[in-house]
Structures are given as structure tokens and as C-alpha cells.
$ cat target.csv   # CSV, C-alpha atoms and all ligand atoms
chain,number,residue,atom,x,y,z
A,846,MET,CA,37.4,-21.6,-7.3
A,847,THR,CA,35.2,-18.6,-8.0
A,848,GLN,CA,31.5,-19.1,-8.0
A,849,ALA,CA,29.4,-18.2,-11.0
A,850,PRO,CA,27.5,-15.0,-10.1
A,851,LYS,CA,23.8,-15.3,-9.6
A,852,ASN,CA,21.7,-14.0,-12.5
A,853,LEU,CA,20.5,-10.5,-11.9
A,854,GLN,CA,16.8,-10.2,-12.1
A,855,THR,CA,14.9,-7.0,-13.0
A,856,ILE,CA,11.2,-6.7,-12.4
A,857,GLU,CA,10.6,-7.4,-16.1
A,858,THR,CA,12.6,-10.6,-16.2
A,859,HIS,CA,10.9,-11.7,-13.0
A,860,ILE,CA,7.5,-11.2,-14.5
A,861,LEU,CA,8.5,-12.8,-17.8
A,862,ALA,CA,9.6,-15.9,-15.8
A,863,LEU,CA,6.1,-15.9,-14.3
A,864,GLN,CA,4.5,-15.3,-17.6
A,865,SER,CA,6.3,-18.3,-19.1
A,866,MET,CA,4.1,-20.5,-16.8
A,867,HIS,CA,1.1,-19.0,-18.7
A,868,PRO,CA,1.8,-19.6,-22.4
A,869,SER,CA,-1.4,-17.9,-23.4
A,870,ALA,CA,-0.4,-14.6,-21.7
A,871,SER,CA,-0.4,-11.7,-24.2
A,872,GLY,CA,2.4,-9.8,-22.5
A,873,ASP,CA,0.0,-7.0,-21.6
A,874,PHE,CA,0.4,-7.5,-17.9
A,875,THR,CA,4.2,-7.5,-18.2
A,876,GLY,CA,3.9,-4.3,-20.2
A,877,LEU,CA,1.7,-2.7,-17.5
A,878,LEU,CA,4.2,-3.5,-14.7
A,879,SER,CA,7.0,-2.1,-16.9
A,880,ASP,CA,4.9,1.1,-17.3
A,881,ILE,CA,4.5,1.3,-13.5
A,882,THR,CA,8.2,0.7,-13.0
A,883,PHE,CA,9.1,3.5,-15.4
A,884,ALA,CA,6.7,5.9,-13.6
A,885,ALA,CA,8.3,4.9,-10.3
A,886,LYS,CA,11.8,5.7,-11.6
A,887,ILE,CA,10.7,9.2,-12.7
A,888,ILE,CA,9.0,9.9,-9.4
A,889,SER,CA,12.0,8.6,-7.5
A,890,ARG,CA,14.2,11.0,-9.4
A,891,GLU,CA,11.9,13.9,-8.6
A,892,VAL,CA,11.6,12.9,-4.9
A,893,ASN,CA,15.3,12.7,-4.6
A,894,LYS,CA,15.9,16.1,-5.9
A,895,ALA,CA,13.0,17.7,-4.0
A,896,GLY,CA,15.4,19.5,-1.7
A,897,LEU,CA,17.3,21.0,-4.6
A,898,VAL,CA,14.7,22.6,-6.7
A,899,ASP,CA,11.7,24.8,-6.0
A,900,ILE,CA,9.2,21.9,-5.8
A,901,LEU,CA,8.7,21.9,-2.1
A,902,GLY,CA,5.6,23.1,-0.4
A,903,ALA,CA,1.9,22.9,-1.2
A,904,ALA,CA,0.6,23.5,-4.7
A,905,GLY,CA,-2.1,25.7,-3.3
A,906,GLY,CA,-5.2,23.6,-3.7
A,907,GLU,CA,-7.0,20.8,-2.0
A,908,ASN,CA,-7.7,17.4,-3.4
A,909,VAL,CA,-11.1,15.7,-3.5
A,910,GLN,CA,-10.6,14.5,0.1
A,911,GLY,CA,-10.1,18.1,1.3
A,912,GLU,CA,-6.4,17.6,2.0
A,913,VAL,CA,-3.7,20.1,0.9
A,914,ILE,CA,-2.2,18.9,-2.4
A,915,GLN,CA,1.6,18.9,-2.4
A,916,LYS,CA,3.4,19.7,-5.7
A,917,LEU,CA,4.8,16.2,-5.8
A,918,ASP,CA,1.3,14.7,-5.4
A,919,ASP,CA,0.4,16.5,-8.6
A,920,TYR,CA,3.6,15.6,-10.3
A,921,GLY,CA,3.3,11.9,-9.3
A,922,ASN,CA,-0.3,11.8,-10.5
A,923,ASN,CA,0.6,13.3,-13.9
A,924,VAL,CA,3.5,10.8,-14.3
A,925,PHE,CA,1.3,7.9,-13.6
A,926,MET,CA,-1.4,9.1,-15.9
A,927,LYS,CA,1.1,9.6,-18.7
A,928,CYS,CA,3.1,6.3,-18.2
A,929,LEU,CA,0.3,3.8,-17.7
A,930,GLY,CA,-1.2,1.9,-20.6
A,931,THR,CA,1.4,2.5,-23.3
A,932,ARG,CA,-0.1,-0.4,-25.2
A,933,ASN,CA,-3.7,0.3,-24.3
A,934,GLN,CA,-3.7,-2.4,-21.7
A,935,VAL,CA,-5.7,-0.2,-19.3
A,936,CYS,CA,-9.5,0.5,-19.4
A,937,ILE,CA,-9.9,2.5,-16.1
A,938,MET,CA,-7.5,4.5,-14.0
A,939,GLY,CA,-8.4,5.8,-10.5
A,940,SER,CA,-6.2,8.0,-8.4
A,941,GLU,CA,-6.3,9.4,-4.9
A,942,GLU,CA,-5.7,12.8,-6.4
A,943,MET,CA,-8.6,12.7,-8.9
A,944,ALA,CA,-12.3,12.9,-8.0
A,945,ASP,CA,-13.5,10.6,-10.7
A,946,PRO,CA,-12.1,7.6,-12.4
A,947,VAL,CA,-10.8,8.0,-15.9
A,948,PHE,CA,-12.4,5.6,-18.4
A,949,ILE,CA,-10.1,5.0,-21.4
A,950,GLU,CA,-11.9,4.8,-24.8
A,951,PRO,CA,-11.8,1.3,-26.3
A,952,SER,CA,-9.1,1.4,-29.0
A,953,SER,CA,-6.8,-1.1,-30.6
A,954,GLY,CA,-5.5,-2.4,-27.3
A,955,THR,CA,-7.2,-5.0,-25.1
A,956,GLY,CA,-7.9,-2.5,-22.2
A,957,ASN,CA,-8.0,-5.5,-19.9
A,958,TYR,CA,-6.8,-3.8,-16.7
A,959,ILE,CA,-8.0,-1.4,-14.0
A,960,VAL,CA,-5.3,0.4,-12.1
A,961,VAL,CA,-6.0,2.4,-8.9
A,962,PHE,CA,-3.1,4.3,-7.3
A,963,ASP,CA,-2.0,6.7,-4.6
A,964,PRO,CA,0.8,8.5,-6.5
A,965,LEU,CA,2.5,9.9,-3.4
A,966,ASP,CA,1.7,8.5,0.0
A,967,GLY,CA,2.9,10.4,3.1
A,968,SER,CA,3.4,13.6,1.2
A,969,SER,CA,3.2,15.7,4.2
A,970,ASN,CA,6.6,14.3,5.2
A,971,ILE,CA,8.3,15.4,2.0
A,972,ASP,CA,9.6,18.7,3.2
A,973,ALA,CA,11.4,16.9,6.1
A,974,ASN,CA,13.1,14.4,3.8
A,975,VAL,CA,11.2,11.5,5.4
A,976,SER,CA,10.4,8.4,3.3
A,977,VAL,CA,7.3,8.6,1.1
A,978,GLY,CA,5.8,6.0,-1.3
A,979,THR,CA,3.5,5.1,-4.1
A,980,ILE,CA,0.8,2.4,-3.9
A,981,PHE,CA,-1.1,0.6,-6.7
A,982,GLY,CA,-3.6,-2.1,-7.2
A,983,ILE,CA,-4.5,-3.8,-10.4
A,984,TRP,CA,-7.8,-5.5,-11.3
A,985,LYS,CA,-9.0,-7.2,-14.5
A,986,ARG,CA,-12.1,-6.0,-16.3
A,987,LYS,CA,-15.2,-8.3,-16.0
A,988,SER,CA,-17.4,-6.7,-18.7
A,989,ARG,CA,-17.0,-6.7,-22.4
A,990,ARG,CA,-14.5,-4.0,-23.6
A,991,ASP,CA,-17.3,-1.8,-25.0
A,992,LYS,CA,-19.4,-2.2,-21.8
A,993,VAL,CA,-16.8,-1.3,-19.2
A,994,GLY,CA,-18.4,0.6,-16.2
A,995,MET,CA,-18.4,1.2,-12.5
A,996,ASP,CA,-18.8,-2.5,-11.8
A,997,ASP,CA,-15.4,-3.1,-13.3
A,998,LEU,CA,-13.9,-0.5,-11.1
A,999,LEU,CA,-15.6,-1.3,-7.8
A,1000,GLN,CA,-14.1,-4.8,-7.2
A,1001,ALA,CA,-13.0,-6.2,-3.9
A,1002,GLY,CA,-9.3,-6.5,-3.0
A,1003,CYS,CA,-9.4,-10.3,-3.4
A,1004,GLU,CA,-10.1,-9.7,-7.1
A,1005,GLN,CA,-6.8,-7.9,-7.6
A,1006,VAL,CA,-4.4,-9.6,-10.0
A,1007,ALA,CA,-1.4,-7.7,-8.7
A,1008,ALA,CA,-0.6,-5.0,-6.2
A,1009,GLY,CA,2.5,-3.2,-5.0
A,1010,TYR,CA,4.2,-0.2,-3.6
A,1011,ILE,CA,7.3,1.8,-4.2
A,1012,ILE,CA,9.1,3.3,-1.2
A,1013,TYR,CA,11.4,6.3,-1.8
A,1014,GLY,CA,13.7,6.0,1.2
A,1015,SER,CA,17.4,5.7,1.8
A,1016,SER,CA,17.1,3.7,-1.4
A,1017,THR,CA,14.1,3.3,-3.7
A,1018,MET,CA,12.4,-0.1,-3.5
A,1019,PHE,CA,9.6,-1.7,-5.5
A,1020,VAL,CA,7.6,-4.4,-3.8
A,1021,TYR,CA,4.9,-6.3,-5.7
A,1022,THR,CA,2.9,-9.4,-5.8
A,1023,ALA,CA,1.1,-11.1,-8.6
A,1024,GLY,CA,-0.2,-13.8,-6.4
A,1025,HIS,CA,2.9,-15.8,-6.2
A,1026,GLY,CA,4.7,-14.4,-3.1
A,1027,ALA,CA,5.8,-10.8,-2.4
A,1028,HIS,CA,9.1,-9.7,-4.0
A,1029,GLY,CA,11.2,-6.6,-3.4
A,1030,PHE,CA,13.5,-4.9,-5.9
A,1031,THR,CA,16.0,-2.2,-5.1
A,1032,LEU,CA,16.7,0.6,-7.6
A,1033,ASP,CA,20.3,0.8,-8.7
A,1034,PRO,CA,20.4,4.5,-9.8
A,1035,SER,CA,23.7,4.0,-11.7
A,1036,ILE,CA,22.0,1.7,-14.2
A,1037,GLY,CA,18.4,2.8,-13.7
A,1038,GLU,CA,17.1,-0.7,-13.0
A,1039,PHE,CA,15.2,-2.2,-10.1
A,1040,LEU,CA,17.1,-5.4,-9.2
A,1041,LEU,CA,15.7,-8.3,-7.2
A,1042,SER,CA,16.9,-7.9,-3.6
A,1043,HIS,CA,14.2,-9.4,-1.5
A,1044,GLU,CA,12.8,-12.6,-3.0
A,1045,ASN,CA,9.7,-14.1,-1.3
A,1046,ILE,CA,9.4,-11.8,1.6
A,1047,THR,CA,7.8,-13.4,4.6
A,1048,THR,CA,6.6,-11.5,7.6
A,1049,PRO,CA,6.7,-12.9,11.1
A,1050,PHE,CA,3.4,-14.3,12.5
A,1051,LEU,CA,3.8,-12.0,15.6
A,1052,GLY,CA,5.8,-8.8,15.6
A,1053,ASP,CA,7.4,-6.6,18.2
A,1054,ILE,CA,6.2,-3.3,16.7
A,1055,TYR,CA,2.9,-1.4,16.8
A,1056,SER,CA,2.4,1.7,14.7
A,1057,VAL,CA,-0.4,4.1,15.4
A,1058,ASN,CA,-0.9,7.8,15.8
A,1059,GLU,CA,-1.5,7.7,19.5
A,1060,ALA,CA,-2.4,11.4,19.7
A,1061,TYR,CA,-5.9,10.3,18.6
A,1062,GLU,CA,-6.4,8.1,21.7
A,1063,PRO,CA,-9.0,10.4,23.3
A,1064,SER,CA,-11.3,9.9,20.3
A,1065,TRP,CA,-10.9,6.1,19.9
A,1066,GLU,CA,-13.7,3.8,20.9
A,1067,PRO,CA,-13.0,1.7,24.0
A,1068,ALA,CA,-12.2,-1.5,22.1
A,1069,VAL,CA,-9.4,0.3,20.2
A,1070,LYS,CA,-8.0,1.7,23.5
A,1071,GLU,CA,-7.9,-1.9,24.7
A,1072,VAL,CA,-6.1,-3.0,21.5
A,1073,VAL,CA,-3.4,-0.4,22.0
A,1074,ARG,CA,-3.2,-1.1,25.8
A,1075,GLN,CA,-2.5,-4.8,25.0
A,1076,MET,CA,0.1,-3.8,22.4
A,1077,LYS,CA,1.9,-1.8,25.1
A,1078,TYR,CA,1.5,-3.9,28.1
A,1079,GLY,CA,0.9,-7.4,26.8
A,1080,THR,CA,-2.1,-8.9,28.5
A,1081,GLY,CA,-1.0,-7.6,31.9
A,1082,THR,CA,-2.5,-4.5,33.5
A,1083,GLU,CA,-1.1,-1.0,33.3
A,1084,SER,CA,-0.7,-0.8,37.1
A,1085,SER,CA,1.4,-4.0,37.2
A,1086,ARG,CA,3.9,-2.5,34.8
A,1087,THR,CA,7.2,-1.4,36.2
A,1088,ASP,CA,9.8,-0.6,33.6
A,1089,GLU,CA,12.2,-3.2,34.6
A,1090,ALA,CA,9.8,-5.9,35.3
A,1091,THR,CA,7.7,-5.7,32.2
A,1092,GLU,CA,10.0,-4.2,29.6
A,1093,GLY,CA,9.6,-6.6,26.7
A,1094,ALA,CA,6.1,-7.8,27.8
A,1095,GLY,CA,4.5,-5.5,25.2
A,1096,LYS,CA,5.6,-4.2,21.9
A,1097,THR,CA,7.7,-1.1,21.0
A,1098,SER,CA,6.2,1.8,19.0
A,1099,ARG,CA,7.3,3.1,15.6
A,1100,TYR,CA,5.2,5.6,13.7
A,1101,ILE,CA,6.5,7.6,10.8
A,1102,GLY,CA,3.2,8.9,9.4
A,1103,SER,CA,3.9,7.5,5.9
A,1104,LEU,CA,1.8,4.4,5.5
A,1105,VAL,CA,4.1,2.9,2.9
A,1106,ALA,CA,7.2,3.4,5.1
A,1107,ASP,CA,5.5,2.1,8.3
A,1108,PHE,CA,4.0,-0.9,6.5
A,1109,HIS,CA,7.3,-1.7,4.8
A,1110,ARG,CA,9.3,-1.7,8.0
A,1111,ASN,CA,6.7,-3.8,9.8
A,1112,LEU,CA,6.6,-6.3,6.9
A,1113,LEU,CA,10.3,-6.9,7.1
A,1114,TYR,CA,10.6,-6.9,10.9
A,1115,GLY,CA,7.1,-8.0,12.0
A,1116,GLY,CA,4.6,-5.7,13.5
A,1117,VAL,CA,1.2,-4.2,13.1
A,1118,TYR,CA,0.0,-0.8,11.7
A,1119,LEU,CA,-3.2,0.6,13.0
A,1120,TYR,CA,-5.4,3.4,11.6
A,1121,PRO,CA,-8.6,3.0,13.7
A,1122,PRO,CA,-11.8,5.1,13.3
A,1123,THR,CA,-11.9,8.3,15.3
A,1124,LYS,CA,-14.8,10.5,16.3
A,1125,GLY,CA,-13.8,12.9,13.5
A,1126,LYS,CA,-13.2,10.1,11.0
A,1127,PRO,CA,-15.7,7.4,11.9
A,1128,GLU,CA,-14.8,5.5,8.7
A,1129,GLY,CA,-11.1,5.8,9.3
A,1130,LYS,CA,-8.8,7.9,7.1
A,1131,LEU,CA,-7.2,5.4,4.6
A,1132,ARG,CA,-8.7,4.6,1.3
A,1133,LEU,CA,-9.7,1.1,0.5
A,1134,MET,CA,-8.9,1.0,-3.2
A,1135,CYS,CA,-5.6,2.9,-3.4
A,1136,GLU,CA,-4.1,2.1,0.0
A,1137,ALA,CA,-5.7,-0.6,2.1
A,1138,ALA,CA,-6.6,-3.3,-0.5
A,1139,PRO,CA,-3.2,-3.2,-2.4
A,1140,LEU,CA,-1.2,-3.4,0.9
A,1141,ALA,CA,-3.5,-6.1,2.1
A,1142,MET,CA,-2.7,-8.2,-0.9
A,1143,ILE,CA,1.0,-7.7,-0.3
A,1144,ALA,CA,0.6,-8.5,3.4
A,1145,GLU,CA,-1.2,-11.8,2.6
A,1146,ALA,CA,1.4,-12.8,0.0
A,1147,ALA,CA,4.0,-12.4,2.7
A,1148,GLY,CA,2.0,-14.4,5.2
A,1149,GLY,CA,0.4,-11.4,7.0
A,1150,TYR,CA,-3.2,-10.2,7.2
A,1151,ALA,CA,-5.2,-7.0,7.0
A,1152,SER,CA,-8.6,-6.3,8.6
A,1153,ASP,CA,-10.9,-3.4,9.2
A,1154,GLY,CA,-11.3,-4.7,12.7
A,1155,ARG,CA,-14.2,-7.0,11.8
A,1156,GLN,CA,-13.5,-8.5,8.4
A,1157,ASN,CA,-10.7,-9.2,5.9
A,1158,ILE,CA,-9.9,-6.0,4.0
A,1159,MET,CA,-9.7,-8.1,0.9
A,1160,ASP,CA,-13.4,-9.0,1.1
A,1161,ILE,CA,-14.8,-5.5,1.2
A,1162,VAL,CA,-16.5,-4.4,-2.0
A,1163,PRO,CA,-16.0,-0.7,-2.5
A,1164,THR,CA,-19.1,1.5,-2.8
A,1165,HIS,CA,-17.1,4.3,-4.5
A,1166,LEU,CA,-13.5,5.0,-5.6
A,1167,HIS,CA,-12.6,7.0,-2.5
A,1168,MET,CA,-14.2,4.8,0.1
A,1169,ARG,CA,-12.3,4.8,3.4
A,1170,VAL,CA,-11.9,2.0,5.9
A,1171,PRO,CA,-10.3,1.5,9.3
A,1172,LEU,CA,-7.1,-0.5,8.8
A,1173,TYR,CA,-5.2,-3.0,10.9
A,1174,ILE,CA,-2.4,-4.6,8.9
A,1175,GLY,CA,0.8,-6.6,9.3
A,1176,SER,CA,1.7,-9.7,11.2
A,1177,ARG,CA,-1.2,-12.2,11.0
A,1178,GLY,CA,-1.3,-13.1,14.7
A,1179,ASP,CA,-1.3,-9.5,15.8
A,1180,VAL,CA,-4.1,-8.5,13.4
A,1181,MET,CA,-6.1,-11.5,14.5
A,1182,LEU,CA,-5.7,-10.4,18.1
A,1183,VAL,CA,-7.0,-7.0,17.1
A,1184,GLU,CA,-10.1,-8.6,15.6
A,1185,LYS,CA,-10.6,-10.7,18.7
A,1186,ILE,CA,-10.4,-7.8,21.1
A,1187,ILE,CA,-12.9,-5.8,19.0
A,1188,ALA,CA,-15.3,-8.8,18.7
A,1189,ASP,CA,-15.0,-9.4,22.5
A,1190,ALA,CA,-15.8,-5.8,23.2
A,1191,LYS,CA,-18.9,-6.0,21.1
A,1192,THR,CA,-20.2,-9.1,22.8
A,1193,GLY,CA,-19.3,-7.6,26.2
A,1194,LEU,CA,-16.7,-10.3,27.0
A,1201,LIG,P1,-1.4,10.7,1.8
A,1201,LIG,O1,-0.1,11.4,1.9
A,1201,LIG,O2,-1.5,9.8,0.6
A,1201,LIG,O3,-2.6,11.6,1.9
A,1201,LIG,O4,-1.6,9.6,3.0
A,1201,LIG,C1,-1.3,10.0,4.3
A,1201,LIG,C2,-1.7,8.9,5.2
A,1201,LIG,C3,-0.7,7.8,5.4
A,1201,LIG,O5,0.5,7.8,4.6
A,1201,LIG,C4,-0.3,8.0,6.9
A,1201,LIG,O6,0.0,6.7,7.4
A,1201,LIG,C5,-1.4,8.6,7.4
A,1201,LIG,O7,-2.0,9.4,6.5
A,1201,LIG,C6,-1.0,9.5,8.6
A,1201,LIG,O8,-2.1,10.1,9.1
A,1201,LIG,P2,-2.1,10.9,10.5
A,1201,LIG,O9,-1.3,12.1,10.3
A,1201,LIG,O10,-3.5,11.2,10.8
A,1201,LIG,O11,-1.5,10.0,11.5
A,1202,MN,MN,-1.7,7.8,1.1
A,1203,MN,MN,-1.3,10.5,-1.5
$ encode --input "target.csv" --output "C-alpha cells" --more "lines below"
Ligand code: AHG
Ligand code: MN
Ligand code: MN
Amino acid sequence: MTQAPKNLQTIETHILALQSMHPSASGDFTGLLSDITFAAKIISREVNKAGLVDILGAAGGENVQGEVIQKLDDYGNNVFMKCLGTRNQVCIMGSEEMADPVFIEPSSGTGNYIVVFDPLDGSSNIDANVSVGTIFGIWKRKSRRDKVGMDDLLQAGCEQVAAGYIIYGSSTMFVYTAGHGAHGFTLDPSIGEFLLSHENITTPFLGDIYSVNEAYEPSWEPAVKEVVRQMKYGTGTESSRTDEATEGAGKTSRYIGSLVADFHRNLLYGGVYLYPPTKGKPEGKLRLMCEAAPLAMIAEAAGGYASDGRQNIMDIVPTHLHMRVPLYIGSRGDVMLVEKIIADAKTGL
């Protein structure tokens, strides 16, 4: 007897199923996720043909963070700006690539949502055909529509109504949470749809992987050196390590240098991604609103956790759009251990 095939679910049908639990929902949110999905398909197409056309290399300028802008960064930013809010559901857009947030004039739409995004994450990897991504966080406005201001933009991660990322890898995947689990969809290019492939992603409590740019070790504070030492050697001492005796006592290392790709792998396999402060970047490198907070929401939805080393990333209220934070994110037990080592170092334990 042949079994009836499982119903195929796209992101839209998945969200519509969620929406049916909220009969008063206007459909604006579903529409917004559809807009993001559409933008993701366009960026995916462009990323996939990056080796074929003259789009490689830097665009020749620097963004507000003083980093070289790649052509695809510009492109991804423009695509997002054009695709979002087709039904005027958005009141503020903020991008890693734009110095200032864009406030949308009140019009016929509700303008209920604030979207902050990193259109192309890991863009320095593009020329080498290494996975890159897009990250987004969505908040709801608190003020009256005609009074929307910076307070509506500068909300903590725990106020997000949804967050997600797209990874442009060997296939393109869209992972999102709207507060009810983290779900992954894989793009089937032949039909141009993201289909549900990873329902209710859960990440292991402890992982076997740590991901950090270890070249910065000389400029880490001692507590961070201790964190990474314990990742490597377990709680044993370096001198007690002989390859055969202690192989497996610590974790293995994986670092791509594309946050989305490193995070995604660790989410599926279990592990922790670390971007600690350095002497040159005492606040860390990664941006709270367009990188850390959205990924923290996904991590929590999957049973993981994100910290700046002292507190939950989700509790940090941004002081400005481009605020940076140290980031420790992934398996809950591993990130809690990082917090403990840092706290112990502070109290001299
Ligand atoms: P972006 O490409 O959006 O500027 O982000 C780059 C980030 C992140 O993707 C990655 O994990 C990190 O920078 C790598 O930094 P290092 O090269 O300092 O390790
Ligand atoms: Mn980034
Ligand atoms: Mn970027």
C-alpha cells in the first residue's frame, strides 16, 4: 500500500497555519515574511551566479562601520529596501549597510513593524565561494503610528516578534522563528519555493564544536583565554594533554568566518560560536540589532542561548542602531559555562 505523501509546506503556508491560531491577525505579518522570502530568493539567485558575472570584488567604498563594501552587500541592501513592506506593514527599516534608520511615512498601511537586517553576512567570503547569509529581526512598534521614533527602533531582543536568517550554501535555507520553535526551509530552485525541511530544530545542550577566530588570542582578556582553553582541553590542564590520552576531552574547532554559516552548523550539530572583545574592538565586532539579537532569538527557540559573557543578549537594550556586543551563542550548557568562567574570573575564583 502506498502511503499518502506528506503535505508540502512553504513558509507562507506555515505562517498561515500559525496565523489561524490568532483570528484577529490582519495578515500583515504573513505578508512581511513573504516579502523577506521574496528578497531572499533574489539575493540567492545573485549569490549563486556571483562567479559568472562581473559582480565580484569591492564596490569601492566603505560602509558606516568603516568596512569595505562588497558589491553584493549593496545589492542585497537594495533588494531588501525594495521588497519589504509591500503593503505598508513597515514603519522603520534599519540595515548594517546604512548609517541611519529609514522611517517610512505613515500612509494607508498599518506600519506596525520594524525590520533590522544584515543583507549579506560574511561577504568577505564571497569571492571564494564560501557560504554567506542574511539576518533579520522584526519588532512591533510601541508608539502611535504618527509618533513613531527612536524608541520604537531601539528595543531589546526579547521584544522581537520574529527573527531569522537565510544561508546561501550548497543549498539555500531559510530559518525563522515567530516564537513557536525554529523552523528551516530549503529552497527548491526548480519551483522557486522554500519548502519545510527542518521542523522544530532543537540544538544539543552541549556541543562538540567551538568556533572562534583564534588569531586574536593575544588580545583577549585572561577570562576569554581561559574559556577557549577549556573548550580545547576540557577542564584538564594543557600540560596533561597528550594527543592520544585526551583526544575527545575537549571540543573540535570549526570557523568559517561567516557568522550565519558558523551559527547554522553549530545549531544543527551542537556547539558554541564566540566573538569576544579584543583590545582593538573592546565592544566586540558583531552588531546587536542586525546580528546578535536575531540569532539569539533563533538559538533560544531551538533550546540554545546567547550571552555577551555577562548577560542574556536578548535583554540588552540598544543605545543605537549599530551598537556592537561581544557574542557567545549556541548550545545552552556551553554558553552558560562561558558566563561562569567570565564571572569567576571577575570575582577572582
Ligand atoms: P559582515 O560580512 O556582515 O560584515 O559580517 C562579518 C562578520 C561575521 O560574519 C563573521 O563571523 C565575522 O565577521 C568574522 O570576523 P573575523 O574576520 O574578525 O573573524
Ligand atoms: Mn554580518
Ligand atoms: Mn553584512
$ atom_distance --input "target.csv" --atom1 "CA of Gln1075 (chain A)" --atom2 "CA of Tyr1100 (chain A)"
17.2 Å
$ closest_residue --input "target.csv" --among "A:Pro951, A:Gly982, A:Pro1121, A:Ile1161" --to "Glu1062 (chain A)" --atoms "all atoms listed in the file"
A:Pro1121
$ atom_distance --input "target.csv" --atom1 "CA of Leu1133 (chain A)" --atom2 "CA of Arg1169 (chain A)"
5.4 Å
$ closest_residue --input "target.csv" --among "A:Trp1065, A:Phe1019, A:Tyr958, A:Tyr1120" --to "ligand MN 1202 (chain A)" --atoms "all atoms listed in the file"
A:Tyr1120
$ closest_residue --input "target.csv" --among "A:Asn970, A:Ser1042, A:Ser1103, A:Gln1005" --to "Gln854 (chain A)" --atoms "all atoms listed in the file"
A:Ser1042
$ closest_atom_pairs --input "target.csv" --of "chain A" --to "ligand MN 1202 (chain A)" --cutoff "9 Å" --atoms "all atoms listed in the file" --output "CSV"
residue,atom,partner,partner_atom,distance
A:Glu941,CA,A:MN1202,MN,7.7
A:Asp963,CA,A:MN1202,MN,5.8
A:Pro964,CA,A:MN1202,MN,8.0
A:Leu965,CA,A:MN1202,MN,6.5
A:Asp966,CA,A:MN1202,MN,3.6
A:Gly967,CA,A:MN1202,MN,5.6
A:Ser968,CA,A:MN1202,MN,7.7
A:Gly978,CA,A:MN1202,MN,8.1
A:Thr979,CA,A:MN1202,MN,7.8
A:Ile980,CA,A:MN1202,MN,7.8
A:Ser1103,CA,A:MN1202,MN,7.4
A:Leu1104,CA,A:MN1202,MN,6.6
A:Val1105,CA,A:MN1202,MN,7.8
A:Leu1131,CA,A:MN1202,MN,6.9
A:Arg1132,CA,A:MN1202,MN,7.7
A:Cys1135,CA,A:MN1202,MN,7.7
A:Glu1136,CA,A:MN1202,MN,6.3
$ atom_distance --input "target.csv" --atom1 "CA of Gly1079 (chain A)" --atom2 "CA of Pro1122 (chain A)"
22.4 Å
$ closest_residue --input "target.csv" --among "A:Asn908, A:Ser940, A:Leu878, A:Ser865" --to "Asn922 (chain A)" --atoms "all atoms listed in the file"
A:Ser940
$ closest_residue --input "target.csv" --among "A:Thr882, A:Ser1098, A:Thr1048, A:Thr1123" --to "Tyr1010 (chain A)" --atoms "all atoms listed in the file"
A:Thr882
$ closest_residue --input "target.csv" --among "A:His1043, A:Lys987, A:Arg890, A:Lys927" --to "Tyr1013 (chain A)" --atoms "all atoms listed in the file"
A:Arg890
$ residues_around --input "target.csv" --residues "Ile1054 (chain A)" --least-positions-apart "3" --cutoff "7 Å" --atoms "all atoms listed in the file" --output "PyMOL selection string"
chain A and resi 1096-1099+1111+1115-1117
$ residues_around --input "target.csv" --residues "region 1178-1180 of chain A" --least-positions-apart "4" --cutoff "12 Å" --atoms "only C-alpha atoms" --output "MDAnalysis selection string"
chainID A and resid 1048:1056 1072:1073 1075:1076 1079 1095:1096 1111 1115:1119 1141 1144:1145 1148:1158 1172:1174 1184:1187
$ residues_around --input "target.csv" --residues "Ser871 (chain A)" --least-positions-apart "3" --cutoff "12 Å" --atoms "all atoms listed in the file" --output "list in words"
Leu861, Gln864, Ser865, His867, Pro868, Phe874, Thr875, Gly876, Leu877, Arg932, Gln934, Gly954, Thr955 and Asn957 of chain A
$ residues_near_point --input "target.csv" --point "(-3.1, 15.5, -9.6)" --cutoff "12 Å" --atoms "only C-alpha atoms" --output "compact mmCIF listing (two decimals) with C-alpha atoms, in the frame of the given file"
# COMPACT_ATOMS: atom_id res chain seq x y z
CA ALA A 904 0.60 23.50 -4.70
CA GLY A 906 -5.20 23.60 -3.70
CA GLU A 907 -7.00 20.80 -2.00
CA ASN A 908 -7.70 17.40 -3.40
CA VAL A 909 -11.10 15.70 -3.50
CA VAL A 913 -3.70 20.10 0.90
CA ILE A 914 -2.20 18.90 -2.40
CA GLN A 915 1.60 18.90 -2.40
CA LYS A 916 3.40 19.70 -5.70
CA LEU A 917 4.80 16.20 -5.80
CA ASP A 918 1.30 14.70 -5.40
CA ASP A 919 0.40 16.50 -8.60
CA TYR A 920 3.60 15.60 -10.30
CA GLY A 921 3.30 11.90 -9.30
CA ASN A 922 -0.30 11.80 -10.50
CA ASN A 923 0.60 13.30 -13.90
CA VAL A 924 3.50 10.80 -14.30
CA PHE A 925 1.30 7.90 -13.60
CA MET A 926 -1.40 9.10 -15.90
CA LYS A 927 1.10 9.60 -18.70
CA GLY A 939 -8.40 5.80 -10.50
CA SER A 940 -6.20 8.00 -8.40
CA GLU A 941 -6.30 9.40 -4.90
CA GLU A 942 -5.70 12.80 -6.40
CA MET A 943 -8.60 12.70 -8.90
CA ALA A 944 -12.30 12.90 -8.00
CA ASP A 945 -13.50 10.60 -10.70
CA PHE A 962 -3.10 4.30 -7.30
CA ASP A 963 -2.00 6.70 -4.60
CA PRO A 964 0.80 8.50 -6.50
CA LEU A 965 2.50 9.90 -3.40
